[in-house]
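Enquirer: Structure file start_20.tsv (TSV, C-alpha atoms) is given on the next line.
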chain	number	residue	atom	x	y	z
A	125	MET	CA	76.91	72.62	122.76
A	126	ARG	CA	78.82	71.09	125.64
A	127	PRO	CA	77.03	70.38	128.94
A	128	HIS	CA	77.85	72.86	131.73
A	129	ALA	CA	79.78	70.28	133.76
A	130	ILE	CA	82.19	69.63	130.89
A	131	GLU	CA	82.47	73.28	129.86
A	132	ASP	CA	83.26	74.29	133.44
A	133	TRP	CA	85.76	71.44	133.91
A	134	HIS	CA	87.55	72.56	130.72
A	135	LYS	CA	87.86	76.07	132.17
A	136	VAL	CA	89.37	74.72	135.42
A	137	MET	CA	91.86	72.57	133.52
A	138	VAL	CA	92.88	75.25	131.02
A	139	SER	CA	93.23	78.03	133.60
A	140	GLY	CA	94.66	75.88	136.39
A	141	ASP	CA	92.35	77.91	138.67
A	142	VAL	CA	90.70	75.41	141.03
A	143	SER	CA	88.65	77.97	142.98
A	144	LYS	CA	85.51	77.02	140.99
A	145	LEU	CA	86.08	73.29	141.49
A	146	PRO	CA	84.06	72.93	144.75
A	147	GLU	CA	80.84	74.21	143.17
A	148	LEU	CA	81.40	71.92	140.17
A	149	LEU	CA	81.65	68.71	142.22
A	150	HIS	CA	78.76	66.78	143.74
A	151	GLU	CA	79.02	66.23	147.54
A	152	ASP	CA	79.40	62.48	146.91
A	153	ALA	CA	81.71	62.81	143.89
A	154	VAL	CA	84.01	59.83	143.33
A	155	PHE	CA	87.49	60.04	141.79
A	156	HIS	CA	89.12	56.98	140.17
A	157	SER	CA	92.87	57.34	139.75
A	158	PRO	CA	94.81	55.87	136.81
A	159	VAL	CA	97.22	54.32	139.32
A	160	VAL	CA	95.27	52.95	142.28
A	161	HIS	CA	92.25	50.61	142.22
A	162	THR	CA	90.40	52.00	145.27
A	163	PRO	CA	88.02	54.90	144.46
A	164	GLN	CA	88.45	58.21	146.33
A	165	THR	CA	84.99	59.00	147.68
A	166	GLY	CA	83.50	62.40	148.56
A	167	LYS	CA	84.02	65.97	147.36
A	168	ALA	CA	87.04	66.64	149.61
A	169	LYS	CA	89.04	63.69	148.27
A	170	ALA	CA	87.98	64.31	144.66
A	171	MET	CA	89.09	67.97	145.11
A	172	MET	CA	92.45	66.86	146.45
A	173	TYR	CA	93.20	64.59	143.48
A	174	LEU	CA	91.85	66.93	140.79
A	175	SER	CA	93.77	69.89	142.23
A	176	ALA	CA	96.95	67.81	142.27
A	177	ALA	CA	96.28	66.84	138.65
A	178	THR	CA	95.88	70.47	137.49
A	179	THR	CA	99.26	71.22	139.11
A	180	VAL	CA	100.99	68.20	137.52
A	181	PHE	CA	99.71	69.21	134.07
A	182	GLU	CA	100.44	72.93	134.44
A	183	ASP	CA	102.92	74.08	131.79
A	184	ALA	CA	102.98	70.50	130.47
A	185	GLN	CA	101.52	71.14	126.99
A	186	PHE	CA	98.16	69.79	128.17
A	187	THR	CA	95.65	69.57	125.27
A	188	TYR	CA	92.27	67.91	124.88
A	189	THR	CA	92.35	66.09	121.52
A	190	ARG	CA	89.09	64.16	121.06
A	191	GLU	CA	85.80	64.05	122.92
A	192	ILE	CA	82.51	62.19	122.88
A	193	ILE	CA	79.63	63.54	124.90
A	194	GLY	CA	76.56	61.52	125.85
A	195	LYS	CA	73.49	62.39	127.91
A	196	ASP	CA	75.21	62.30	131.30
A	197	LEU	CA	78.58	60.76	130.41
A	198	ALA	CA	81.55	62.19	128.50
A	199	MET	CA	84.95	60.95	127.39
A	200	LEU	CA	87.68	63.56	126.91
A	201	GLU	CA	91.01	62.42	125.49
A	202	PHE	CA	94.15	64.44	126.22
A	203	THR	CA	97.84	64.56	125.57
A	204	SER	CA	100.56	66.13	127.67
A	205	VAL	CA	104.32	65.99	128.15
A	206	VAL	CA	105.44	65.78	131.78
A	207	GLU	CA	109.20	65.97	132.33
A	208	GLY	CA	109.84	64.64	128.83
A	209	ILE	CA	107.35	61.75	129.11
A	210	GLU	CA	104.43	61.78	126.62
A	211	ILE	CA	101.15	61.16	128.37
A	212	ASN	CA	97.99	60.15	126.50
A	213	GLY	CA	94.90	59.81	128.65
A	214	VAL	CA	91.15	60.03	129.04
A	215	ASP	CA	88.85	61.68	131.53
A	216	ILE	CA	85.56	59.79	131.83
A	217	ILE	CA	83.09	62.07	133.55
A	218	THR	CA	79.46	61.73	134.66
A	219	TRP	CA	77.21	64.46	136.05
A	220	ASP	CA	73.77	64.76	137.60
A	221	LYS	CA	70.73	66.77	136.44
A	222	ASN	CA	72.06	69.86	138.24
A	223	GLY	CA	75.31	69.67	136.27
A	224	LYS	CA	77.40	68.56	139.27
A	225	ILE	CA	80.17	66.09	138.50
A	226	THR	CA	79.37	62.77	140.20
A	227	ASP	CA	82.16	60.53	138.92
A	228	PHE	CA	85.60	61.31	137.44
A	229	LYS	CA	87.83	58.52	136.15
A	230	VAL	CA	91.25	58.89	134.56
A	231	MET	CA	93.22	56.35	132.53
A	232	VAL	CA	96.55	56.96	130.82
A	233	ARG	CA	98.94	55.22	128.46
A	234	PRO	CA	101.63	54.08	127.84
A	235	VAL	CA	103.22	52.40	130.86
A	236	LYS	CA	105.88	55.14	131.12
A	237	ALA	CA	103.11	57.71	131.49
A	238	VAL	CA	101.39	55.71	134.24
A	239	ASN	CA	104.65	55.54	136.19
A	240	LYS	CA	105.44	59.23	135.67
A	241	LEU	CA	101.95	60.25	136.89
A	242	TRP	CA	102.29	57.91	139.87
A	243	GLU	CA	105.50	59.73	140.82
A	244	LYS	CA	104.21	63.28	140.21
A	245	MET	CA	100.76	62.79	141.78
A	246	GLY	CA	102.46	61.32	144.85
A	247	GLU	CA	104.67	64.40	145.16
A	248	MET	CA	101.71	66.79	144.77
A	249	LEU	CA	99.55	64.96	147.31
A	250	GLU	CA	102.44	65.02	149.82
A	251	LEU	CA	102.81	68.79	149.27
A	252	GLN	CA	99.07	69.28	149.88
A	253	LYS	CA	99.28	67.31	153.15
A	254	SER	CA	102.21	69.35	154.42
A	255	ALA	CA	100.67	72.68	153.32
B	7	MET	CA	71.31	51.57	117.49
B	8	ARG	CA	75.01	50.83	117.52
B	9	PRO	CA	77.09	51.43	114.38
B	10	HIS	CA	78.06	48.23	112.53
B	11	ALA	CA	81.74	48.59	113.40
B	12	ILE	CA	80.99	48.58	117.15
B	13	GLU	CA	78.31	45.87	116.93
B	14	ASP	CA	80.69	43.61	114.99
B	15	TRP	CA	83.60	44.30	117.32
B	16	HIS	CA	81.38	43.36	120.29
B	17	LYS	CA	80.62	40.03	118.60
B	18	VAL	CA	84.33	39.32	118.06
B	19	MET	CA	85.15	40.13	121.68
B	20	VAL	CA	82.25	38.21	123.21
B	21	SER	CA	82.71	35.10	121.04
B	22	GLY	CA	86.51	35.19	120.97
B	23	ASP	CA	86.12	34.23	117.29
B	24	VAL	CA	88.57	36.42	115.34
B	25	SER	CA	87.72	34.99	111.90
B	26	LYS	CA	85.55	38.07	111.14
B	27	LEU	CA	88.22	40.51	112.30
B	28	PRO	CA	89.98	40.96	108.90
B	29	GLU	CA	86.82	42.22	107.19
B	30	LEU	CA	86.15	44.56	110.11
B	31	LEU	CA	89.53	46.33	109.96
B	32	HIS	CA	90.56	49.01	107.47
B	33	GLU	CA	93.72	48.20	105.46
B	34	ASP	CA	95.50	51.08	107.21
B	35	ALA	CA	94.05	50.41	110.67
B	36	VAL	CA	96.23	51.61	113.54
B	37	PHE	CA	96.39	49.97	116.98
B	38	HIS	CA	97.56	51.92	120.07
B	39	SER	CA	98.55	49.66	122.95
B	40	PRO	CA	98.02	50.57	126.61
B	41	VAL	CA	101.66	49.71	127.26
B	42	VAL	CA	103.78	51.01	124.40
B	43	HIS	CA	103.84	54.52	122.92
B	44	THR	CA	104.55	53.59	119.27
B	45	PRO	CA	101.39	52.90	117.20
B	46	GLN	CA	101.09	49.55	115.39
B	47	THR	CA	100.24	50.47	111.81
B	48	GLY	CA	98.40	48.40	109.20
B	49	LYS	CA	95.75	45.68	109.28
B	50	ALA	CA	98.21	42.81	109.88
B	51	LYS	CA	99.68	44.39	113.03
B	52	ALA	CA	96.29	45.53	114.33
B	53	MET	CA	95.02	41.95	113.79
B	54	MET	CA	97.97	40.57	115.72
B	55	TYR	CA	97.36	42.76	118.76
B	56	LEU	CA	93.57	42.47	118.78
B	57	SER	CA	93.75	38.66	118.43
B	58	ALA	CA	96.21	38.51	121.32
B	59	ALA	CA	93.84	40.68	123.37
B	60	THR	CA	90.84	38.42	122.74
B	61	THR	CA	92.96	35.47	123.97
B	62	VAL	CA	94.16	37.31	127.09
B	63	PHE	CA	90.58	38.25	128.03
B	64	GLU	CA	89.07	34.83	127.25
B	65	ASP	CA	87.47	33.32	130.37
B	66	ALA	CA	88.55	36.45	132.26
B	67	GLN	CA	85.06	37.76	133.18
B	68	PHE	CA	85.33	40.35	130.39
B	69	THR	CA	82.33	42.75	130.45
B	70	TYR	CA	81.62	46.03	128.70
B	71	THR	CA	80.21	48.37	131.37
B	72	ARG	CA	79.64	51.84	129.83
B	73	GLU	CA	79.73	53.21	126.32
B	74	ILE	CA	79.42	56.51	124.49
B	75	ILE	CA	78.99	56.48	120.75
B	76	GLY	CA	79.57	59.49	118.51
B	77	LYS	CA	79.35	59.90	114.74
B	78	ASP	CA	82.57	58.02	113.93
B	79	LEU	CA	84.12	57.63	117.37
B	80	ALA	CA	83.14	55.40	120.30
B	81	MET	CA	84.38	54.82	123.82
B	82	LEU	CA	83.66	51.41	125.35
B	83	GLU	CA	84.61	50.85	128.98
B	84	PHE	CA	85.26	47.33	130.23
B	85	THR	CA	86.19	45.36	133.31
B	86	SER	CA	87.95	42.02	133.50
B	87	VAL	CA	89.90	39.90	135.98
B	88	VAL	CA	93.11	38.39	134.60
B	89	GLU	CA	94.89	35.98	136.95
B	90	GLY	CA	93.35	37.68	139.99
B	91	ILE	CA	94.17	41.23	138.83
B	92	GLU	CA	91.17	43.54	138.24
B	93	ILE	CA	91.46	45.37	134.95
B	94	ASN	CA	89.40	48.45	134.10
B	95	GLY	CA	89.91	49.80	130.61
B	96	VAL	CA	88.57	51.61	127.58
B	97	ASP	CA	88.55	50.89	123.88
B	98	ILE	CA	88.50	54.10	121.85
B	99	ILE	CA	87.49	53.20	118.32
B	100	THR	CA	87.03	55.17	115.08
B	101	TRP	CA	85.61	53.89	111.80
B	102	ASP	CA	85.20	55.12	108.24
B	103	LYS	CA	82.04	55.60	106.17
B	104	ASN	CA	82.15	51.92	105.13
B	105	GLY	CA	82.11	50.82	108.77
B	106	LYS	CA	85.74	49.66	108.75
B	107	ILE	CA	87.69	50.26	111.96
B	108	THR	CA	90.46	52.80	111.26
B	109	ASP	CA	91.89	53.37	114.76
B	110	PHE	CA	91.76	51.28	117.93
B	111	LYS	CA	93.26	52.58	121.16
B	112	VAL	CA	93.27	50.86	124.54
B	113	MET	CA	93.98	52.32	127.98
B	114	VAL	CA	93.74	50.49	131.30
B	115	ARG	CA	93.94	51.20	135.01
B	116	PRO	CA	95.19	50.77	137.69
B	117	VAL	CA	98.97	50.31	137.44
B	118	LYS	CA	98.71	46.62	138.43
B	119	ALA	CA	96.44	46.06	135.44
B	120	VAL	CA	98.86	47.78	133.05
B	121	ASN	CA	101.68	45.54	134.27
B	122	LYS	CA	99.56	42.36	134.08
B	123	LEU	CA	98.52	43.16	130.50
B	124	TRP	CA	102.10	43.93	129.57
B	125	GLU	CA	103.08	40.45	130.78
B	126	LYS	CA	100.13	38.59	129.20
B	127	MET	CA	100.17	40.44	125.86
B	128	GLY	CA	103.90	39.74	125.62
B	129	GLU	CA	103.29	36.03	126.13
B	130	MET	CA	100.51	35.93	123.52
B	131	LEU	CA	102.51	37.84	120.90
B	132	GLU	CA	105.45	35.45	121.44
B	133	LEU	CA	103.12	32.47	120.97
B	134	GLN	CA	101.79	33.99	117.71
B	135	LYS	CA	105.33	34.50	116.41
B	136	SER	CA	106.31	30.90	117.14
B	137	ALA	CA	103.02	29.46	115.75
Take the structure in this file and express it as structure tokens.

Expert:
Amino acid sequence: MRPHAIEDWHKVMVSGDVSKLPELLHEDAVFHSPVVHTPQTGKAKAMMYLSAATTVFEDAQFTYTREIIGKDLAMLEFTSVVEGIEINGVDIITWDKNGKITDFKVMVRPVKAVNKLWEKMGEMLELQKSA
Amino acid sequence: MRPHAIEDWHKVMVSGDVSKLPELLHEDAVFHSPVVHTPQTGKAKAMMYLSAATTVFEDAQFTYTREIIGKDLAMLEFTSVVEGIEINGVDIITWDKNGKITDFKVMVRPVKAVNKLWEKMGEMLELQKSA
């Protein structure tokens, strides 16, 4: 059986409904982008990036393909096609004893996918700012 | 306890000694680069890329930081600094019942790291061709 944190994250990603995201994230959650080195620290910033990601991957054939789940650490591999570019990536997620996500790191391949995500995530984050 | 395939791969990476790599790889092993979409199929090609990788990461503060190990699938996260560029990546490895590595996928972040690896792996593969 999957841990709650992973099960709940799956539901957010599959539905694209981010309303449950705040209760899923730890107050001090950290998000590590596939593009930028500097971590995004705190629930508000993690929310911003993860919401943008769900929008980028909406209607983009997003599928989780492989997963490994440890005690408090999971690796979920995914594939997607964003504007014709095939994206293969991993979510590396940790959670605390209350099932709150504490750390969320994303890496993608190949280089075309990194550049496409850079472009799309930038657009989404700009939209959020101006909303 | 770590599976043999992962234990032996660790030894190759830490020592930089690739002489044990052929016996560790399945004949039909597939390598998936962080840069290029197309898989590299067969032991000879996988050898070529993994040898180049050990050379790129030699003396580059290469350290495995987190790992999750499943039944026949493992995720190993690493950090390294190549020519001043911080590289954070994962090896996603599968093996068969004889402990031979069947699939080896690498992803890295951030974008600067992808570009640096692209450059360095290119150099190493050119050197191998001309050797």

Enquirer: Go through B:Thr85, B:Thr47, B:Ser21, B:Asn94 one by one, measure the shortest atom-to-atom distance of each to chain A using only C-alpha atoms, and give the residue with the smallest value.

Expert: B:Asn94

Enquirer: Applying 7 Å and all atoms listed in the file, which residues near Tyr70 (chain B) remain after dropping the ones on its own chain fewer than 3 positions away? List them as number ranges by chain.

Expert: B: 82-85

Enquirer: Can you move chain A onto chain B by a least-squares fit over all C-alpha atoms paired in order, then give me the moved copy as an mmCIF file with C-alpha atoms, in the frame of the given file?

Expert:
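See selection-v5.cif below for the written result:
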data_model
loop_
_atom_site.group_PDB
_atom_site.id
_atom_site.type_symbol
_atom_site.label_atom_id
_atom_site.label_comp_id
_atom_site.auth_asym_id
_atom_site.auth_seq_id
_atom_site.Cartn_x
_atom_site.Cartn_y
_atom_site.Cartn_z
ATOM 1 C CA MET A 125 71.287 51.531 117.479
ATOM 2 C CA ARG A 126 75.001 50.830 117.521
ATOM 3 C CA PRO A 127 77.080 51.428 114.372
ATOM 4 C CA HIS A 128 78.062 48.235 112.515
ATOM 5 C CA ALA A 129 81.749 48.587 113.404
ATOM 6 C CA ILE A 130 80.987 48.580 117.131
ATOM 7 C CA GLU A 131 78.321 45.876 116.919
ATOM 8 C CA ASP A 132 80.683 43.618 114.975
ATOM 9 C CA TRP A 133 83.612 44.312 117.327
ATOM 10 C CA HIS A 134 81.385 43.363 120.289
ATOM 11 C CA LYS A 135 80.614 40.037 118.596
ATOM 12 C CA VAL A 136 84.337 39.312 118.065
ATOM 13 C CA MET A 137 85.147 40.150 121.681
ATOM 14 C CA VAL A 138 82.246 38.214 123.202
ATOM 15 C CA SER A 139 82.720 35.109 121.047
ATOM 16 C CA GLY A 140 86.520 35.185 120.975
ATOM 17 C CA ASP A 141 86.126 34.231 117.289
ATOM 18 C CA VAL A 142 88.572 36.417 115.344
ATOM 19 C CA SER A 143 87.746 35.001 111.899
ATOM 20 C CA LYS A 144 85.566 38.062 111.127
ATOM 21 C CA LEU A 145 88.232 40.507 112.310
ATOM 22 C CA PRO A 146 89.995 40.972 108.917
ATOM 23 C CA GLU A 147 86.841 42.221 107.186
ATOM 24 C CA LEU A 148 86.154 44.559 110.122
ATOM 25 C CA LEU A 149 89.531 46.331 109.959
ATOM 26 C CA HIS A 150 90.552 49.005 107.469
ATOM 27 C CA GLU A 151 93.728 48.193 105.455
ATOM 28 C CA ASP A 152 95.506 51.086 107.209
ATOM 29 C CA ALA A 153 94.051 50.414 110.672
ATOM 30 C CA VAL A 154 96.222 51.618 113.557
ATOM 31 C CA PHE A 155 96.380 49.962 116.986
ATOM 32 C CA HIS A 156 97.555 51.907 120.065
ATOM 33 C CA SER A 157 98.553 49.661 122.951
ATOM 34 C CA PRO A 158 98.007 50.574 126.616
ATOM 35 C CA VAL A 159 101.663 49.718 127.258
ATOM 36 C CA VAL A 160 103.798 51.017 124.395
ATOM 37 C CA HIS A 161 103.843 54.538 122.912
ATOM 38 C CA THR A 162 104.549 53.605 119.267
ATOM 39 C CA PRO A 163 101.393 52.903 117.199
ATOM 40 C CA GLN A 164 101.088 49.545 115.391
ATOM 41 C CA THR A 165 100.243 50.465 111.805
ATOM 42 C CA GLY A 166 98.397 48.391 109.189
ATOM 43 C CA LYS A 167 95.748 45.666 109.280
ATOM 44 C CA ALA A 168 98.225 42.815 109.885
ATOM 45 C CA LYS A 169 99.691 44.387 113.027
ATOM 46 C CA ALA A 170 96.293 45.534 114.321
ATOM 47 C CA MET A 171 95.032 41.935 113.790
ATOM 48 C CA MET A 172 97.972 40.544 115.723
ATOM 49 C CA TYR A 173 97.372 42.752 118.772
ATOM 50 C CA LEU A 174 93.571 42.455 118.785
ATOM 51 C CA SER A 175 93.745 38.665 118.430
ATOM 52 C CA ALA A 176 96.206 38.505 121.321
ATOM 53 C CA ALA A 177 93.840 40.677 123.366
ATOM 54 C CA THR A 178 90.817 38.405 122.745
ATOM 55 C CA THR A 179 92.936 35.473 123.980
ATOM 56 C CA VAL A 180 94.151 37.322 127.102
ATOM 57 C CA PHE A 181 90.564 38.242 128.024
ATOM 58 C CA GLU A 182 89.059 34.830 127.248
ATOM 59 C CA ASP A 183 87.485 33.318 130.367
ATOM 60 C CA ALA A 184 88.537 36.455 132.268
ATOM 61 C CA GLN A 185 85.062 37.772 133.185
ATOM 62 C CA PHE A 186 85.324 40.353 130.397
ATOM 63 C CA THR A 187 82.327 42.757 130.437
ATOM 64 C CA TYR A 188 81.610 46.044 128.701
ATOM 65 C CA THR A 189 80.207 48.386 131.376
ATOM 66 C CA ARG A 190 79.637 51.837 129.848
ATOM 67 C CA GLU A 191 79.733 53.217 126.329
ATOM 68 C CA ILE A 192 79.418 56.509 124.499
ATOM 69 C CA ILE A 193 78.983 56.477 120.756
ATOM 70 C CA GLY A 194 79.566 59.485 118.516
ATOM 71 C CA LYS A 195 79.351 59.922 114.749
ATOM 72 C CA ASP A 196 82.559 58.057 113.919
ATOM 73 C CA LEU A 197 84.119 57.639 117.370
ATOM 74 C CA ALA A 198 83.125 55.423 120.305
ATOM 75 C CA MET A 199 84.370 54.817 123.829
ATOM 76 C CA LEU A 200 83.665 51.403 125.358
ATOM 77 C CA GLU A 201 84.600 50.848 128.994
ATOM 78 C CA PHE A 202 85.269 47.316 130.240
ATOM 79 C CA THR A 203 86.209 45.356 133.295
ATOM 80 C CA SER A 204 87.957 42.014 133.514
ATOM 81 C CA VAL A 205 89.892 39.893 135.992
ATOM 82 C CA VAL A 206 93.101 38.387 134.610
ATOM 83 C CA GLU A 207 94.905 35.988 136.949
ATOM 84 C CA GLY A 208 93.352 37.677 139.976
ATOM 85 C CA ILE A 209 94.163 41.234 138.827
ATOM 86 C CA GLU A 210 91.162 43.554 138.242
ATOM 87 C CA ILE A 211 91.465 45.357 134.947
ATOM 88 C CA ASN A 212 89.397 48.442 134.102
ATOM 89 C CA GLY A 213 89.912 49.806 130.615
ATOM 90 C CA VAL A 214 88.569 51.609 127.580
ATOM 91 C CA ASP A 215 88.543 50.885 123.881
ATOM 92 C CA ILE A 216 88.492 54.102 121.847
ATOM 93 C CA ILE A 217 87.486 53.203 118.320
ATOM 94 C CA THR A 218 87.027 55.168 115.087
ATOM 95 C CA TRP A 219 85.620 53.892 111.795
ATOM 96 C CA ASP A 220 85.202 55.125 108.241
ATOM 97 C CA LYS A 221 82.020 55.585 106.169
ATOM 98 C CA ASN A 222 82.147 51.918 105.123
ATOM 99 C CA GLY A 223 82.122 50.826 108.767
ATOM 100 C CA LYS A 224 85.762 49.663 108.744
ATOM 101 C CA ILE A 225 87.685 50.268 111.954
ATOM 102 C CA THR A 226 90.447 52.811 111.275
ATOM 103 C CA ASP A 227 91.879 53.373 114.750
ATOM 104 C CA PHE A 228 91.748 51.278 117.948
ATOM 105 C CA LYS A 229 93.254 52.583 121.180
ATOM 106 C CA VAL A 230 93.263 50.850 124.551
ATOM 107 C CA MET A 231 93.986 52.319 127.982
ATOM 108 C CA VAL A 232 93.738 50.483 131.292
ATOM 109 C CA ARG A 233 93.945 51.190 135.002
ATOM 110 C CA PRO A 234 95.207 50.760 137.675
ATOM 111 C CA VAL A 235 98.977 50.314 137.440
ATOM 112 C CA LYS A 236 98.711 46.624 138.421
ATOM 113 C CA ALA A 237 96.441 46.056 135.431
ATOM 114 C CA VAL A 238 98.865 47.779 133.049
ATOM 115 C CA ASN A 239 101.687 45.535 134.257
ATOM 116 C CA LYS A 240 99.574 42.370 134.087
ATOM 117 C CA LEU A 241 98.496 43.165 130.494
ATOM 118 C CA TRP A 242 102.102 43.940 129.566
ATOM 119 C CA GLU A 243 103.070 40.462 130.784
ATOM 120 C CA LYS A 244 100.136 38.589 129.197
ATOM 121 C CA MET A 245 100.167 40.438 125.852
ATOM 122 C CA GLY A 246 103.902 39.753 125.605
ATOM 123 C CA GLU A 247 103.302 36.034 126.129
ATOM 124 C CA MET A 248 100.502 35.930 123.526
ATOM 125 C CA LEU A 249 102.502 37.826 120.904
ATOM 126 C CA GLU A 250 105.456 35.448 121.429
ATOM 127 C CA LEU A 251 103.109 32.462 120.949
ATOM 128 C CA GLN A 252 101.780 33.986 117.706
ATOM 129 C CA LYS A 253 105.340 34.461 116.396
ATOM 130 C CA SER A 254 106.307 30.875 117.148
ATOM 131 C CA ALA A 255 103.037 29.454 115.747
#

Enquirer: Do you have, as CSV, the list of residues of chain A lying at most 7 Å from chain B, each with its nearest atom pair and that distance in Å to one decimal, counting all atoms listed in the file and ordered by chain then number?

Expert:
residue,atom,partner,partner_atom,distance
A:Pro158,CA,B:Arg115,CA,5.1
A:Val159,CA,B:Pro116,CA,4.4
A:Val160,CA,B:Pro116,CA,5.1
A:His161,CA,B:Pro116,CA,5.4
A:Ile192,CA,B:Gly76,CA,5.9
A:Gly194,CA,B:Ile74,CA,5.9
A:Met231,CA,B:Arg115,CA,5.8
A:Val232,CA,B:Met113,CA,6.0
A:Arg233,CA,B:Pro40,CA,5.1
A:Pro234,CA,B:Val41,CA,4.4
A:Val235,CA,B:Val41,CA,4.8
A:Val238,CA,B:Val117,CA,6.7

Enquirer: Rounded to one decimal in Å, what is the spacing between CA of Glu151 (chain A) and CA of Thr226 (chain A)?

Expert: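 Answer for the CA of Glu151 (chain A) to CA of Thr226 (chain A) separation: 8.1 Å.
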
Enquirer: What does the distance from CA of Asp102 (chain B) to CA of Pro127 (chain A) come to in Å, to one decimal?

Expert: 27.0 Å

Enquirer: What is the distance, in Å and to one decimal place, between CA of His10 (chain B) and CA of Met54 (chain B)?

Expert: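 These atoms are spaced 21.6 Å apart.
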